[in-house]
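What follows is a set of notes on a single structure, which appears directly below.
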Number of protein chains: 2
Amino acid sequence: MPRIAAAERRALLLDAAWRVLLDHGVAGATTRAICAEAGMPQGSFHYCFDSRNELLTELAADLLPRELSAAAAAVVRGGSLVDTVHRALLAYWELVESEPQVHQVVYEITAMSLREPALADPAKVRYAAYPLAVTGVLEEIAAVRGIAWDRPVDVLARQVVALLDGLTLQFLIDADAEGARAALRACAEDIARHRRRVRYAAARATVRDGSVAP
Amino acid sequence: MPRIAAAERRALLLDAAWRVLLDHGVAGATTRAICAEAGMPQGSFHYCFDSRNELLTELAADLLPRELSAAAAAVVRGGSLVDTVHRALLAYWELVESEPQVHQVVYEITAMSLREPALADPAKVRYAAYPLAVTGVLEEIAAVRGIAWDRPVDVLARQVVALLDGLTLQFLIDADAEGARAALRACAEDIARHRRRVRYAAARATVRDGSVAP
DNA sequence: GTCTATACACCGATAGAC
DNA sequence: GTCTATCGGTGTATAGAC
């Protein structure tokens with residue numbers, strides 16, 4: 001290898017590691033396999049990383065931005081409230097159906113985080129961010145449509161996160177896309193039922209200042 | 001060791017393996033560790049099992065009866081419909097809070113099942129049984145209270161399974177029992193909203209023959 | 001059958017030539 | 001810095017003495 005900056009090597013190894021993870025899982029992501037994927041000798045691994053665990057930790061920390069950028073759910077304006085919620089849920093779900101291995105790896109890393117103290121923190125950060133992201137979407141929907149939710153948004157968000165997480169896990173095992181989509185549709189209906197109408201003027205004001213009416 | 005029947009040895013090893021799994025996870029459940037836990041020399045492992053994988057497969061197949069016997073949810077008769085549903089959900093949830101490691105191991109085995117063809121089948125059986133078990137509970141509730149659900153029971157069941165699975169996973173990471181219980185309560189309310197009243201005579205008949213009115 | 005000793009493979013990490 | 005060769009450790013599985 002004709003001389004590469006350490007930072008660039010790091011990036012190459014992280015990319016290679018991600019590809020190996022998708023193909024062979026956490027257990028198969030050995031330093032040897034990663035270096036082979038990157039076209040480097042195994043010994044060069046420790047130029048950039050003190051240990052395999054350091055790479056995995058950095059990779060675990062990268063999961064969140066990766067997911068957030070992918071699931072920047074577009075809140076569509078047209079249609080009924082149910083449709084709006086449903087489309088937001090589908091925006092996530094289509095990622096699951098199109099890239100199941102990605103989510104499989106995420107579960108593997110999550111499971112590993114529960115045993116490996118070094119990975120505990122990224123996992124906690126990630127699972128704290130999920131409900132916040134969903135809360136943001138729910139509040140945006142409420143603002144756009146001039147409604148309020150009749151249940152604390154963080155409770156609604158936690159329900160949604162749990163349901164999506166559970167559906168994803170089940171889908172990885174049974175690959176039953178129809179069943180999952182039926183549950184998704186039903187979930188959208190349930191959420192839409194928690195609309196509480198507010199007076200039109202208040203709704204207008206809500207949209208204007210971006211906050212949500214009580 | 002003073003001579004033990006092969007079948008008994010098998011049982012001893014399976015028990016020991018389960019204890020090791022709870023303490024050190026799938027990755028830590030090596031044949032050495034399992035035999036040490038069972039008080040046997042490592043070499044004796046292969047008296048009863050051709051391979052470590054065979055033991056894990058058998059153990060994975062044992063998960064379902066273990067869970068079913070534990071979560072034989074008692075459908076309580078008193079109180080409102082919301083309370084009845086809520087208590088059924090809590091019957092499961094209290095197992096999660098009291099024995100989180102058990103569920104952690106189940107997730108690890110599930111994750112492993114997605115990479116190891118030998119374990120794929122037990123996982124599929126298990127995840128097919130979950131919705132069926134919940135369907136049974138929902139139908140029992142409907143029968144006992146003389147109501148019907150206004151949404152296909154299998155869709156409702158799939159929602160419940162996904163939510164419980166997701167909440168469990170999240171709880172393992174953030175240990176936020178309050179948040180989980182709030183979501184659980186909310187879920188009970190949402191399900192109870194799907195009651196559709198039927199005439200009293202029909203309800204009586206429904207209870208008698210054990211089926212559910214359309 | 002039971003146990004000890006060991007074979008064989010693979011892992012992460014490092015030493016040392018260039 | 002780069003790479004090869006190898007160390008020390010651990011894993012599963014097995015061979016062979018008793």
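Convention: chains lettered A, B, ... in structure tokens order; per-chain residue numbering from 1; ligands numbered from 1 as shown.
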All residues 12 Å or closer to DT14 in chain D, only C-alpha atoms (C1' of nucleotides), same chain fewer than 3 positions away omitted, as a list in words: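 These residues fall inside the cut-off: Gln42, Gly43, Ser44, Phe45, His46, Tyr47, Asp50 and Ser51 of chain B; DA5, DT6, DA7 and DC8 of chain C.
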Selection: 8 Å around range 8-13 of chain D, only C-alpha atoms (C1' of nucleotides), excl. self and same-chain fewer than 6 positions, as a ChimeraX atom specification: /B:30-31,51-52 /C:11
Output C-alpha atoms (C1' of nucleotides) for every residue in that selection, as a PDB file, in the first residue's frame.
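Written out: selection-v6.pdb:
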```pdb
ATOM      1  CA  THR B  30     -18.249 -21.985  25.554  1.00  0.00           C
ATOM      2  CA  THR B  31     -18.093 -25.724  26.020  1.00  0.00           C
ATOM      3  CA  SER B  51     -21.235 -30.166  18.858  1.00  0.00           C
ATOM      4  CA  ARG B  52     -21.782 -26.932  20.723  1.00  0.00           C
TER       5      ARG B  52
ATOM      6  C1'  DC C  11      -8.389 -14.882  17.189  1.00  0.00           C
TER       7       DC C  11
END
```
Option closest in space to Ala88 in chain B, from B:Gly179, B:Gly39, B:Gly136, B:Pro152 [counting only C-alpha atoms]: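 Result for the nearest residue to Ala88 in chain B: B:Gly136.
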Chain B least-squares fitted onto chain A over all paired C-alpha atoms, as a CSV table (one decimal) with C-alpha atoms, in the first residue's frame:
```
chain,number,residue,atom,x,y,z
B,1,MET,CA,0.1,0.0,-0.1
B,2,PRO,CA,1.7,3.3,-1.2
B,3,ARG,CA,1.5,5.3,2.0
B,4,ILE,CA,-1.8,6.5,3.2
B,5,ALA,CA,-2.6,9.1,5.9
B,6,ALA,CA,-3.8,7.5,9.1
B,7,ALA,CA,-7.1,9.3,9.0
B,8,GLU,CA,-7.8,8.0,5.5
B,9,ARG,CA,-6.9,4.5,6.6
B,10,ARG,CA,-9.3,4.7,9.5
B,11,ALA,CA,-12.1,5.7,7.1
B,12,LEU,CA,-11.2,2.8,4.7
B,13,LEU,CA,-11.2,0.3,7.6
B,14,LEU,CA,-14.5,1.6,8.9
B,15,ASP,CA,-16.1,1.3,5.5
B,16,ALA,CA,-14.7,-2.2,5.0
B,17,ALA,CA,-15.8,-3.1,8.5
B,18,TRP,CA,-19.3,-2.0,7.7
B,19,ARG,CA,-19.4,-4.2,4.5
B,20,VAL,CA,-18.1,-7.2,6.4
B,21,LEU,CA,-20.7,-6.6,9.1
B,22,LEU,CA,-23.5,-6.6,6.6
B,23,ASP,CA,-22.2,-9.9,5.1
B,24,HIS,CA,-21.0,-11.8,8.1
B,25,GLY,CA,-22.3,-10.2,11.2
B,26,VAL,CA,-20.5,-9.0,14.3
B,27,ALA,CA,-19.0,-12.4,15.0
B,28,GLY,CA,-17.6,-12.5,11.5
B,29,ALA,CA,-16.2,-9.1,11.6
B,30,THR,CA,-12.7,-10.1,12.7
B,31,THR,CA,-9.7,-7.9,12.1
B,32,ARG,CA,-8.5,-10.3,9.5
B,33,ALA,CA,-11.7,-10.2,7.6
B,34,ILE,CA,-11.9,-6.4,7.8
B,35,CYS,CA,-8.4,-5.9,6.6
B,36,ALA,CA,-8.9,-8.4,3.8
B,37,GLU,CA,-12.0,-6.5,2.7
B,38,ALA,CA,-10.0,-3.3,2.8
B,39,GLY,CA,-7.1,-4.9,0.8
B,40,MET,CA,-4.6,-4.4,3.6
B,41,PRO,CA,-2.5,-6.9,5.6
B,42,GLN,CA,-4.0,-7.8,8.9
B,43,GLY,CA,-1.1,-6.2,10.8
B,44,SER,CA,-1.9,-2.8,9.5
B,45,PHE,CA,-5.1,-2.8,11.5
B,46,HIS,CA,-3.4,-1.5,14.5
B,47,TYR,CA,-1.9,1.5,12.7
B,48,CYS,CA,-5.2,3.2,13.3
B,49,PHE,CA,-7.0,1.4,16.0
B,50,ASP,CA,-5.7,0.2,19.3
B,51,SER,CA,-8.0,-2.7,19.3
B,52,ARG,CA,-10.9,-4.3,17.5
B,53,ASN,CA,-13.2,-3.0,20.3
B,54,GLU,CA,-12.2,0.6,19.5
B,55,LEU,CA,-13.3,0.2,15.9
B,56,LEU,CA,-16.6,-1.4,17.0
B,57,THR,CA,-17.2,1.4,19.4
B,58,GLU,CA,-16.6,4.1,16.8
B,59,LEU,CA,-18.8,2.2,14.4
B,60,ALA,CA,-21.6,2.0,17.0
B,61,ALA,CA,-21.4,5.7,17.6
B,62,ASP,CA,-21.8,6.2,13.8
B,63,LEU,CA,-25.0,4.3,13.7
B,64,LEU,CA,-27.2,7.1,14.9
B,65,PRO,CA,-26.3,9.8,12.3
B,66,ARG,CA,-26.5,7.0,9.7
B,67,GLU,CA,-30.1,6.2,10.7
B,68,LEU,CA,-31.2,9.7,11.3
B,69,SER,CA,-30.1,10.9,7.9
B,70,ALA,CA,-31.9,7.9,6.3
B,71,ALA,CA,-35.1,8.3,8.2
B,72,ALA,CA,-35.6,12.1,7.9
B,73,ALA,CA,-39.3,11.4,7.5
B,74,ALA,CA,-41.0,13.7,5.1
B,75,VAL,CA,-44.3,14.8,6.6
B,76,VAL,CA,-46.6,15.0,3.7
B,77,ARG,CA,-49.4,17.5,3.7
B,78,GLY,CA,-52.1,16.1,1.6
B,79,GLY,CA,-54.6,13.4,2.6
B,80,SER,CA,-56.2,12.5,5.9
B,81,LEU,CA,-54.4,12.5,9.2
B,82,VAL,CA,-54.3,8.8,9.1
B,83,ASP,CA,-52.6,8.9,5.8
B,84,THR,CA,-50.0,11.5,7.0
B,85,VAL,CA,-49.1,9.3,10.0
B,86,HIS,CA,-49.2,6.2,7.9
B,87,ARG,CA,-46.8,7.7,5.3
B,88,ALA,CA,-44.4,8.8,8.1
B,89,LEU,CA,-44.3,5.2,9.4
B,90,LEU,CA,-43.9,3.8,5.9
B,91,ALA,CA,-40.9,6.1,5.3
B,92,TYR,CA,-39.1,4.2,8.0
B,93,TRP,CA,-40.6,0.8,7.1
B,94,GLU,CA,-39.5,0.9,3.5
B,95,LEU,CA,-35.9,1.1,4.8
B,96,VAL,CA,-36.5,-2.1,6.7
B,97,GLU,CA,-37.8,-3.9,3.7
B,98,SER,CA,-35.2,-2.7,1.4
B,99,GLU,CA,-32.1,-3.2,3.7
B,100,PRO,CA,-33.0,-5.8,6.3
B,101,GLN,CA,-29.3,-6.6,6.8
B,102,VAL,CA,-28.6,-3.1,8.0
B,103,HIS,CA,-31.2,-3.5,10.8
B,104,GLN,CA,-29.9,-7.0,11.5
B,105,VAL,CA,-26.5,-5.6,12.2
B,106,VAL,CA,-27.9,-2.8,14.3
B,107,TYR,CA,-29.6,-5.5,16.5
B,108,GLU,CA,-26.4,-7.4,16.8
B,109,ILE,CA,-24.5,-4.4,17.8
B,110,THR,CA,-27.3,-3.5,20.3
B,111,ALA,CA,-27.1,-7.0,21.8
B,112,MET,CA,-23.4,-6.7,22.1
B,113,SER,CA,-23.7,-3.3,23.8
B,114,LEU,CA,-25.5,-5.0,26.7
B,115,ARG,CA,-22.4,-7.1,27.4
B,116,GLU,CA,-19.6,-4.8,26.4
B,117,PRO,CA,-19.3,-1.7,28.7
B,118,ALA,CA,-17.4,0.2,26.1
B,119,LEU,CA,-20.4,0.0,23.8
B,120,ALA,CA,-23.1,0.8,26.4
B,121,ASP,CA,-23.0,4.5,25.9
B,122,PRO,CA,-23.6,4.7,22.2
B,123,ALA,CA,-26.5,2.3,22.6
B,124,LYS,CA,-28.0,4.4,25.3
B,125,VAL,CA,-27.6,7.6,23.2
B,126,ARG,CA,-29.2,5.8,20.3
B,127,TYR,CA,-32.2,4.6,22.1
B,128,ALA,CA,-32.7,7.9,23.7
B,129,ALA,CA,-32.7,9.6,20.3
B,130,TYR,CA,-35.3,7.3,18.8
B,131,PRO,CA,-38.2,8.5,20.8
B,132,LEU,CA,-37.0,12.1,20.4
B,133,ALA,CA,-37.0,11.8,16.6
B,134,VAL,CA,-40.5,10.3,16.6
B,135,THR,CA,-41.6,13.0,19.0
B,136,GLY,CA,-40.3,15.6,16.5
B,137,VAL,CA,-42.3,14.0,13.7
B,138,LEU,CA,-45.5,13.8,15.7
B,139,GLU,CA,-45.2,17.4,16.7
B,140,GLU,CA,-44.5,18.5,13.2
B,141,ILE,CA,-47.6,16.6,12.1
B,142,ALA,CA,-49.7,18.3,14.8
B,143,ALA,CA,-48.3,21.7,13.8
B,144,VAL,CA,-48.9,21.2,10.1
B,145,ARG,CA,-52.4,20.1,10.6
B,146,GLY,CA,-53.3,22.5,13.4
B,147,ILE,CA,-54.2,19.8,15.8
B,148,ALA,CA,-53.0,18.6,19.2
B,149,TRP,CA,-52.5,15.1,20.6
B,150,ASP,CA,-54.8,14.1,23.5
B,151,ARG,CA,-52.0,12.0,25.1
B,152,PRO,CA,-48.4,13.1,26.1
B,153,VAL,CA,-46.4,13.1,22.9
B,154,ASP,CA,-43.5,11.2,24.5
B,155,VAL,CA,-45.8,8.4,25.5
B,156,LEU,CA,-47.2,8.2,22.0
B,157,ALA,CA,-43.6,8.3,20.7
B,158,ARG,CA,-42.5,5.5,22.9
B,159,GLN,CA,-45.4,3.4,21.7
B,160,VAL,CA,-44.4,4.1,18.1
B,161,VAL,CA,-40.7,3.4,18.6
B,162,ALA,CA,-41.5,0.1,20.4
B,163,LEU,CA,-43.9,-1.0,17.7
B,164,LEU,CA,-41.5,-0.2,14.9
B,165,ASP,CA,-38.6,-1.9,16.7
B,166,GLY,CA,-40.7,-5.0,17.4
B,167,LEU,CA,-42.0,-5.2,13.9
B,168,THR,CA,-38.5,-4.9,12.5
B,169,LEU,CA,-37.2,-7.7,14.6
B,170,GLN,CA,-40.1,-9.9,13.7
B,171,PHE,CA,-39.7,-9.1,10.0
B,172,LEU,CA,-36.1,-10.2,10.1
B,173,ILE,CA,-37.2,-13.6,11.3
B,174,ASP,CA,-40.5,-14.3,9.4
B,175,ALA,CA,-40.1,-11.9,6.4
B,176,ASP,CA,-43.9,-11.4,6.5
B,177,ALA,CA,-44.1,-7.9,4.9
B,178,GLU,CA,-47.9,-8.1,4.6
B,179,GLY,CA,-48.5,-8.8,8.3
B,180,ALA,CA,-46.1,-6.0,9.2
B,181,ARG,CA,-47.8,-3.5,6.9
B,182,ALA,CA,-51.2,-4.4,8.3
B,183,ALA,CA,-49.9,-3.7,11.8
B,184,LEU,CA,-48.4,-0.5,10.6
B,185,ARG,CA,-51.6,0.7,9.1
B,186,ALA,CA,-53.5,-0.2,12.2
B,187,CYS,CA,-51.0,1.7,14.3
B,188,ALA,CA,-51.5,4.8,12.1
B,189,GLU,CA,-55.2,4.5,12.7
B,190,ASP,CA,-54.7,4.2,16.4
B,191,ILE,CA,-52.5,7.3,16.5
B,192,ALA,CA,-54.8,9.3,14.4
B,193,ARG,CA,-57.5,8.6,16.9
B,194,HIS,CA,-55.6,10.7,19.4
B,195,ARG,CA,-56.2,13.9,17.6
B,196,ARG,CA,-57.8,16.6,19.7
B,197,ARG,CA,-59.2,19.5,17.6
B,198,VAL,CA,-58.4,23.0,18.6
B,199,ARG,CA,-60.0,26.3,17.4
B,200,TYR,CA,-58.8,27.5,14.0
B,201,ALA,CA,-57.2,30.7,15.3
B,202,ALA,CA,-55.2,28.8,17.9
B,203,ALA,CA,-54.2,26.3,15.2
B,204,ARG,CA,-52.9,29.2,13.0
B,205,ALA,CA,-50.9,30.6,15.9
B,206,THR,CA,-49.5,27.1,16.6
B,207,VAL,CA,-48.3,26.8,13.0
B,208,ARG,CA,-46.7,30.2,13.1
B,209,ASP,CA,-44.6,29.9,16.2
B,210,GLY,CA,-43.9,26.3,15.8
B,211,SER,CA,-45.0,25.2,19.2
B,212,VAL,CA,-47.9,22.9,20.0
B,213,ALA,CA,-51.0,24.0,21.7
B,214,PRO,CA,-51.7,22.3,25.1
```
Residue hits in chain C, query chain B, radius 8 Å, only C-alpha atoms (C1' of nucleotides), as an MDAnalysis selection string: chainID C and resid 1:3
At most 8 Å to chain A: residues in chain D, only C-alpha atoms (C1' of nucleotides), as a list in words: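 Putting it all together, I get DG1, DT2 and DC3 of chain D.
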Filtered DSSP result for range 5-211 of chain A, state helix (DSSP H, G or I), as a PyMOL selection string: chain A and resi 6-28+31-38+42-48+52-70+81-98+100-113+117-145+153-174+177-192+200-209
